Structures are given as C-alpha cells and as structure tokens.
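Colleague: Before we start, here is the structure in question, set down as structure tokens.
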Amino acid sequence: MPKTESILNRLRAGFQHPDPSARVLMRWWWFGPQVHRDDLVRDLDRMVQVGIGGVECAFVYPMSADSDRFLSDAFLADLRFAAQAAQDRDLRFDVTLGSGWPYGGPHIDATTASRRIHWETEEVLIGPQRMPLPKAWPYDEFIAAYIGEGTRADVPQEFCELQTEFVDGVRHILIPQGRGPRLMLIAVSRPTGQTVKRAAAGAEGWVLDHFSRAATEAHLAAVAEPLVEAAGGDRIGTVFCDSLEVYDADWTPGMAEEFAARRGYDVIPQLWKLTRADAAGSGVRADYYRTLTELLEENFITVVAQWARAKGLRLRIQGYGEPPATISSYRHAHAFEGEGWGWDTVTACRWASSAAQIYGEQVVSSETWTWVHSPSFRATPLDILGEAHDHLLMGVNHFVGHGWPASARPVEQDGGSPTELGRIFYASGALDDRNAWWAAAPSLWGTLHRLCWIMRQGHRLSQVGIYVPARDVYAGFVGAGRHDLFKEFKQYIGEELPRAVRTAGYDFDLFDDDAVCALDPRRFPVVVIPWAQDLPQRTREWLVEVIDAGGEVLDLGASAQIGSALNDPTAVTGHLPGNAGIQLTTFDPHTGEQRPNQGVAVTSREVREDPGDDVVRVHFVANTQDASTQVLLGVPGRSGGMHPVVLERWDAESGRLLGAVTGPEMTVTLDAYEAAVLVERADTHARGWDKDDRPAAARYEAPAGSASDAEVNALEGWTVQFPDESAPRPVALPHQWENEPGRGHYSGEAVYTVAFRVPSGARSVELDLGVVEPHQPEDPQAVGLMEASFSAAVRTPVGSVAGVEVDGQQIGFLWKTPYRIDLTDWVAQGRDHVLRLTVANVTSHRLAVDQGIPQMVAEAEAAFGRRFGIQAVELAMADVASGLLAVPQLRWMTRGEQENR
C-alpha cells in the first residue's frame, strides 16, 4: 500500500472515531470545599453521556456559610471518591496543586512569601548625617541605600551606594557631606502582601516566593502531597499550575548572590537603575529580570515538575505572567497550556503553542471559554464553537473548558419547573447540563473532539518565526507592576505584524534566546527580528545560520543590524516564497467581487510517515467574522510531485466526506463563524471512505459570483407547543418567545411543527432555517460582556438550537452556521411529510430571576469575607432572543440541475 494511502486511511479512521484523549476536559469548580457525592457522580455521568473526556479539579472560595475546610479529612475523602468515580468511567482526572491561585496558603510565612523591592525616597540636607534606618512594616529587610544630587522634582542622573553601620544594634545610613540638594533612595525587601486569590476555606495565606526552592518545597509538602495521596497517583492525568499572577514580585533572599554568580558582577551598587527608564541602565535591567526568569525556572517550575515526575505524574502549566516567564520556560514542564482568544495577535495561547512547536510537544491545551458571552448561561453552542475555532487557529488542540460548577441541583416545584439554578463561578460560562440547549451538547463536544484530534496529527506549519527580544523588553521593566514578559511583548510588537501574517494565509511561531539552542535554522522561510537592539551572541550566530541555510532574516526597524532592513511590518509577507503556505483569496459571496481578507485564517499540519515520503496536509480554515464570505483556497505546488493534488473537505460534526476536487484550488463559502477541514493529498487513486461515509451526492462549491440553481420553498402553516400547553397552536414566524406574554423569563424548549411535500424530480433536499445577520451591541459592557468575553456577533435564525425530526425520526441538531441540514435520505418525492423542530434557548432567563445565587453570595461573604465578585446577573437577559426567528425554507435541485453541476 502506498504511504499516502496508508496515512489517509489512518486519518480517515481516526477522524470518524477519534482517540478519547482528544475530548474536551472541564475545569470542575469545587466551592468551599463543599460537595456531595451524589452530585459528583451525577456530574461525571452526564459528562460521559455527552462526550466530555474528564475534569480538572479546581478548589475555590466558599458559597455556603457551613463550608468544609481545605485539606480536611472529609475533603480529602471526597477527592479520593471523585478520582475513583472518574477512573471507573474512563474519565481523565487532573488536580490543581492548590486552592485558588497562585500557589500559597497558611503554610507560607515571611521567609517563604513573595517579596518585592520597596523604594523609599527622601530629600536630605547638605551636611553629613547618620540616619537610623526606618522600618515601616514587619518583615522589612534592608537591601541598600543610594544618594544622588537632585530633588524629587529634579531627579538625579546618577546615584552612588551609601555605607551603613550598626550603633547599639541599630543600622544607620551614613550620609556624607554634600554640595547641594540631594535625594536618597532606600531599597527594602518587603513581602508583596499578596494573598491567594479565590481561596477555599482554610487555604488563605500569602502567595509563595516563586524564586525560592524552599518556598516551593514547603508548598509541595503542605498541599500537593496530601492532594495527590488522596486522589491517587494512578488516577491522575496531570497536576496543574494556573497562570503566574504573582504581582510585583522582584526580590528573593539571596538575590544579590544569585545575580553575581550568573551575571558576573555585583548588582547592588547599580540596583537603583531598576527605577529609571534611561538607556544607560538597560543592560542592568535586562540582566536583572533575566536572572528572575532563571530563578523562576530553576526553583519553581523545575522543582514542581521533578516532584511530579518522581510520582509518575506530569506537570501541566500556564507558563506566562509574573514572575517573567519566557516561551522557553515551558520546557521545564511536561504539558503546555495557554488561554485567551485572538487568532491575529499575540496571545497566551500563541505563547504556549510556540513553545510546543519548539520543544516537540504534540498536544497544547488552552483554558477555553473564560467569560464566554458573560454572564453565565448566555453562551450558545455557536459562541462556544466560535471561540474554539479561534484557539485552534493559534495551534491549540486540546480544550480545558472553563468550566463546570460542582453544585447541588434545584428541586422541582409542583408545576415541574426548578426553583433555583445552583452555583455558578464568578468568571466563566456554566458549561453543564443546566443549559437549556443541552440536547445538542453531544454534537457540540463531539465536533470539538474531532477537530482536536485531527489538529494533533503531524506537525503544524509555520512560515514566519517572530523573535521575542526579551532583553529589550526586560529593559523596559521600570518600577513596580511591569514584570510580565508576555504582556509587555504583546504591547511591544503591536498588532500590525501578526495580523498581516495571518490575513495573508500564513502562520507564525514566536521564539526566544533559549529556543535557538533547539531550533533548526531551516525551520522558517522568514525570520523577523522586531525592533531589537540587545541580541545575545548565540542568537546572532543562529540568525547567521538561518541566512546560510537559505532563509531570510528581516530586521524590522533596522536596529539589530543583521539581515535585511525593513520598516513596514505589513511588508513581511511579500518576502515569503509563493509555495510557503496556503493562498487565501476572499470574495463577496453575493457579487463575486474580490475583497480584502479581514477575518479568514488558516492553520495547517503536515503528516508523513517517513522523511522521504509524500505528505498529506490538513488545513483548518475558519471564518472569524460576523458575515459570510467566499474563499478561493490555493495550495502550494509540490516540487517533484508525480500526481495531481486532490483536496477533500471533511465534516467535523459527522466525520463524513463532504466533497473533493482535483486540482490545487477549492472554492468554499464560509458562513459567519463557520470552519472547514480540508485534506490535501496526491491523487494516487487512494480509497478509504466507506460507502456510508461518502455524501449521497457530492455538491461542489460554485465559482465566486455564480448564481445557485436550487429551488426554494418557504414552509408555511407552522404550529408551536410549549411544555405547559395541552396542544399545538398556530404560530406566525418569526416567533420570539420574549415577546409572548408569560414567556419573558422562560428557559427551555418548544416544539414547532409543519407539514410539507417534496415535488417530483427533486433531489438533494435541504432544510435551511435562514441566514445569520451581523449583530454587535453598541455598548458591550452595558449588556454584560466583560473585556475578555467572546460572543458570536450575529443574530441567528434560531435561538439557540433546533432538534430536527422528519416523520418522527430524529435527524440531527442545528446549532451552528450554516443553519442547514440535508433531508435527502429522509424524504420521498411526491409524498407528505411532517417536520418537527424542537427549539431550545439559553438558561440566562432563569439566571435573571434566580434568588438563590444572590443569597448564596451574601451568606458566603458574611461568613468568609469578600473573596469574589459575582457576574452581572442583572444583565442576564440583555440582548437575548429565543425561538424560531426566521421562516425556514426547503431547498432542492432537480435531477437535471444536479447532473449539470
């Protein structure tokens, strides 16, 4: 069997029945900690039913006055029970090594807490003085004092270190005779004072010092050991560390000695340069924060990873934030994770996926759906899918949903409706079976499962390497609050360069100075050095190797003095060879007029069995916009190829083949937030699709601008029936539930029914619920959307999903764009049929009137203080529309029309 055919058969089989390891995980919020075992079992069973692959246990703040305490015997027993229950159901079970975030708690004291440099400034007189060292706070530790000629208004250009001496056991600063006004700086090591955010009861305390091995080991002994012992190492998938959010931490005991050993000079005489933004101190600042990065890697990430490995576990980490982790900091862990959407910019997901590319990790996960269409329960399956597409475009291929609140469920009233919702998390969607649209959940999670699996195959193709000039960014860290290398680099590089690369159809990876030791100089056709001045020698040598290997180095800003100078970030793509990536040409789907690409992106993976074999490429193409577009996709030529190229389109929802073309181009129409999986192969007459997996009639995309030959028939004579109604009643469409008396706060289902007949000669019968229309709130915050909220900016023809039946037979669900489904195999010409649409909306209507959540919040705050701020539940109903919001149509073609196509 030819290698291409072997690869195709494996991909086709895996796409139809993907490995369970690629299923979505859910962050399982345990509040308190207070859980009930019946609720835990119910949660796990319902995850199994819809195809969710497991949980990541996260222990957070109480929502009840009688909460248990973190690490109590009862809590650990519940954790052991949950881990065993997950294992019994073949669910993955991950554990966060702490409560809330960052790591810390009552076991952390002044010797192991995170520390910062606190700077005191004081104008001093001209004469000599001996000043007792001021001590404002407990646990302050003196570092050094400096003096310079000037005032607070006229800051000195230079400072020199002052001597100190002890008099009667008290340290005094010795201030010499001056010539005029002088300003004194005193550097003091002080605990940052940061305590664990969103901590469970009994988990309160300081955040640990991430530069200190002793602090890390204290946390492992006090918290991680009992958690893993309770859950059982054989039941745990990975142990997890959330994003690094240790604010202002820039000191640790022994810092001066560590700096001298690593950098070769004493930093204390020049420590004052950390407070200044001038070029003269840039080298010291770069060295200083590089030292902090190394201490973070060696004394926190590596220590936790080695501890985990010794127990047969793997550390999964969100390796960015404060302290300043680099892309290469990930290499000390075992599993890489990001968060945040933004396919055309620099995100934490891009940070993580770049690390995975560099260091050979096939799977990269993301914390997904944080704040999705906030507040909770407004998110539709289309919102969830749209944000997932964004993450996939950044190289993510595993989703950790944020999240699933562990909660007792409401009791039933006499009328059958629940009285209260239960618990929700303060900063995420509630992605559980309380959502009214949950009947469509197997299709949603199954689609994402299939996409994650296919995007793990082979390796991702990146045509552009973008260097992270860490030393230049470090040099911009001045004063407190600016120690996040990822965020500062995002601002440093701006939006133009990444957007130009992505909208041109290319992809990019970020790399840093440590990465050049692992990167093949032939990896990227083009390497961009953005506004860099302070290049380490090894990095400069690697760039020369790139040029020698035939690559092009673009010196953006011409400040690095290497490669080709370039001033315009958007001109980068003009330097890429024509066969470097898939070509995107976008058209107006109605007029066929070519238009600039604003929101279509592609990420590709190359699959081969042996280096000399022909390859199969998988292209994931997504429309991230609020309107449909037509895309002409061109694949680069295959040098030396003996066979023509074939492009197959695979359906992520069903696992079926949708169609194929022979040749290097395919035209596809992508509706708003729609995506396509295209598989590119050589035409070696490969087979592999079973008869049932092929489309009944392969329908190819028409050329841009051509008219459709399909006949359209608007369905008329609809009825509707809600669960509290005894019989169906006539209804005029569009029908929005919120406009109907008594339905303003209804979350649930309603059944729409209509009779129809398919005319003789009709083929390829399709149900179309209607088009989506762009819809963006004028003031997102006024309708409850947080800054990081993702929502599909469209008004859909159904709010939110529709289950489709013909003559009592379930066919599928309509929950994503385009809202169309093939009825060909379910209808007969000249025969009467009954179409039944079971429409379900979102649960935000119930959230808007729920009295239990405010009561829980008030009780928890009274007992445990203000540990969180709940979402804006009063805005739960803002901009929500439920029901059948357009007039569905049948579309078909006659036999002759089909043959002509």
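FYI, nothing fancy with the structure tokens labels: chains A, B, ... in order, residues from 1 per chain, ligands from 1 as they appear.
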Using DSSP on the backbone coordinates, identify all residues within stretch 492-699 of chain A classified as helix (DSSP H, G or I); present the result as a compact mmCIF listing (two decimals) with N, CA, C and O atoms, in the first residue's frame.

Modeller:
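As a result, part_3.txt now contains:
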```txt
# COMPACT_ATOMS: atom_id res chain seq x y z
N TYR A 492 4.76 45.59 22.97
CA TYR A 492 5.99 45.97 22.27
C TYR A 492 5.86 45.72 20.77
O TYR A 492 6.23 46.55 19.94
N ILE A 493 5.30 44.56 20.39
CA ILE A 493 5.25 44.19 18.99
C ILE A 493 4.05 44.82 18.27
O ILE A 493 4.07 45.05 17.06
N GLU A 496 0.10 45.10 14.03
CA GLU A 496 0.24 45.08 12.57
C GLU A 496 0.93 43.83 12.05
O GLU A 496 0.47 43.20 11.09
N LEU A 497 2.05 43.45 12.66
CA LEU A 497 2.83 42.33 12.14
C LEU A 497 2.07 41.01 12.22
O LEU A 497 1.92 40.33 11.19
N PRO A 498 1.58 40.59 13.40
CA PRO A 498 0.86 39.32 13.42
C PRO A 498 -0.39 39.31 12.55
O PRO A 498 -0.70 38.30 11.91
N ARG A 499 -1.09 40.43 12.48
CA ARG A 499 -2.30 40.45 11.66
C ARG A 499 -1.96 40.34 10.17
O ARG A 499 -2.65 39.65 9.42
N ALA A 500 -0.91 41.00 9.74
CA ALA A 500 -0.52 40.91 8.33
C ALA A 500 -0.17 39.48 7.95
O ALA A 500 -0.55 39.00 6.87
N VAL A 501 0.53 38.78 8.83
CA VAL A 501 0.90 37.40 8.55
C VAL A 501 -0.33 36.50 8.46
O VAL A 501 -0.49 35.72 7.51
N ARG A 502 -1.24 36.63 9.40
CA ARG A 502 -2.39 35.73 9.45
C ARG A 502 -3.39 35.99 8.33
O ARG A 502 -3.93 35.06 7.74
N THR A 503 -3.68 37.24 8.04
CA THR A 503 -4.68 37.53 7.00
C THR A 503 -4.15 37.21 5.60
O THR A 503 -4.94 37.08 4.66
N ALA A 515 15.43 29.34 22.89
CA ALA A 515 14.89 28.44 21.87
C ALA A 515 15.89 28.18 20.74
O ALA A 515 15.80 27.13 20.09
N VAL A 516 16.81 29.11 20.48
CA VAL A 516 17.71 28.91 19.35
C VAL A 516 18.62 27.70 19.55
O VAL A 516 19.17 27.17 18.58
N CYS A 517 18.73 27.23 20.79
CA CYS A 517 19.51 26.02 21.04
C CYS A 517 18.76 24.76 20.59
O CYS A 517 19.36 23.70 20.45
N GLN A 537 24.90 36.88 21.81
CA GLN A 537 25.77 36.39 20.74
C GLN A 537 25.27 35.09 20.14
O GLN A 537 25.32 34.91 18.91
N ARG A 538 24.76 34.17 20.96
CA ARG A 538 24.30 32.89 20.42
C ARG A 538 23.10 33.10 19.50
O ARG A 538 22.98 32.43 18.46
N THR A 539 22.22 34.03 19.84
CA THR A 539 21.08 34.32 18.97
C THR A 539 21.56 34.91 17.65
O THR A 539 21.06 34.53 16.57
N ARG A 540 22.51 35.81 17.70
CA ARG A 540 23.03 36.41 16.46
C ARG A 540 23.68 35.34 15.58
O ARG A 540 23.52 35.33 14.35
N GLU A 541 24.39 34.41 16.20
CA GLU A 541 25.01 33.34 15.42
C GLU A 541 23.95 32.45 14.77
O GLU A 541 24.11 32.03 13.61
N TRP A 542 22.87 32.19 15.49
CA TRP A 542 21.80 31.37 14.91
C TRP A 542 21.16 32.07 13.72
O TRP A 542 20.83 31.43 12.71
N LEU A 543 20.97 33.36 13.81
CA LEU A 543 20.40 34.12 12.70
C LEU A 543 21.29 34.05 11.47
O LEU A 543 20.81 33.97 10.33
N VAL A 544 22.59 34.06 11.67
CA VAL A 544 23.51 33.87 10.54
C VAL A 544 23.32 32.50 9.94
O VAL A 544 23.35 32.33 8.70
N GLU A 545 23.10 31.50 10.77
CA GLU A 545 22.86 30.15 10.27
C GLU A 545 21.56 30.08 9.46
O GLU A 545 21.48 29.35 8.47
N VAL A 546 20.57 30.85 9.87
CA VAL A 546 19.32 30.92 9.09
C VAL A 546 19.60 31.44 7.69
O VAL A 546 19.14 30.87 6.69
N ILE A 547 20.36 32.51 7.61
CA ILE A 547 20.70 33.10 6.31
C ILE A 547 21.51 32.12 5.48
O ILE A 547 21.26 31.93 4.28
N ASP A 548 22.47 31.46 6.10
CA ASP A 548 23.31 30.50 5.38
C ASP A 548 22.50 29.32 4.86
O ASP A 548 22.84 28.71 3.84
N PRO A 569 5.92 46.70 8.97
CA PRO A 569 5.57 45.33 9.42
C PRO A 569 4.67 44.59 8.44
O PRO A 569 4.75 43.37 8.32
N THR A 570 3.82 45.32 7.74
CA THR A 570 2.88 44.66 6.84
C THR A 570 3.55 44.15 5.57
O THR A 570 2.93 43.42 4.79
N ALA A 571 4.80 44.52 5.35
CA ALA A 571 5.51 44.09 4.14
C ALA A 571 6.20 42.74 4.32
O ALA A 571 6.81 42.24 3.38
N VAL A 572 6.10 42.17 5.51
CA VAL A 572 6.79 40.90 5.77
C VAL A 572 6.35 39.82 4.81
O VAL A 572 7.16 39.04 4.28
N THR A 573 5.05 39.71 4.55
CA THR A 573 4.54 38.61 3.74
C THR A 573 5.05 38.68 2.30
O THR A 573 5.08 37.65 1.61
N GLY A 574 5.44 39.86 1.84
CA GLY A 574 5.98 39.97 0.50
C GLY A 574 7.32 39.28 0.33
O GLY A 574 7.79 39.10 -0.81
N HIS A 575 7.95 38.89 1.42
CA HIS A 575 9.24 38.22 1.37
C HIS A 575 9.11 36.70 1.44
O HIS A 575 10.12 36.00 1.37
N LYS A 691 -18.84 3.36 1.94
CA LYS A 691 -19.99 3.89 1.21
C LYS A 691 -20.83 4.80 2.08
O LYS A 691 -21.27 5.87 1.66
N ASP A 692 -21.05 4.40 3.34
CA ASP A 692 -21.91 5.19 4.22
C ASP A 692 -21.26 6.50 4.64
O ASP A 692 -21.94 7.39 5.16
N ASP A 693 -19.96 6.61 4.45
CA ASP A 693 -19.27 7.83 4.85
C ASP A 693 -19.19 8.86 3.75
O ASP A 693 -18.83 10.00 3.97
```

Colleague: Taking the backbone alone, and naming residues the way the document does, which bits of stretch 36-252 of chain A are strand (DSSP E or B) by DSSP, as a PyMOL selection string?

Modeller: chain A and resi 54-60+92-99+101+104-105+113+115-124+129-132+141-149+160-161+163-167+170-175+182-191+195+197+206-208+239-241+244-245+251

Colleague: Neighbours of A:Asn623 within 10 Å (only C-alpha atoms; same-chain residues fewer than 3 positions away dropped), as a list in words?

Modeller: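 Returned residues: Gly386, His389, Asp390, Gln598, Gly599, Val600, Ala601, Val602, Asp626, Ala627, Ser628, Thr629, Gln630, Val631, Thr669, Leu670, Asp671, Ala672, Tyr673, Glu674, Ala675 and Ala676 of chain A.
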
Colleague: Quick one: pull the distance between atom CA of A:Ala802 and atom CA of A:Val887, Å, one decimal.

Modeller: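 Taking atom CA of A:Ala802 as the start and atom CA of A:Val887 as the end point, the length is 13.3 Å.
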
Colleague: Using only C-alpha atoms, which of A:Ser99, A:Gln625, A:Gln16, A:Asn397 sits nearest A:Leu448?

Modeller: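 Closest to A:Leu448, using only C-alpha atoms: A:Asn397.
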
Colleague: Given the choices A:Gly830, A:Gly104, A:Pro818, A:Gly742, which gets closest to A:Phe756 if the distance is worked out from only C-alpha atoms?

Modeller: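 Smallest distance to A:Phe756 is found for A:Gly830.
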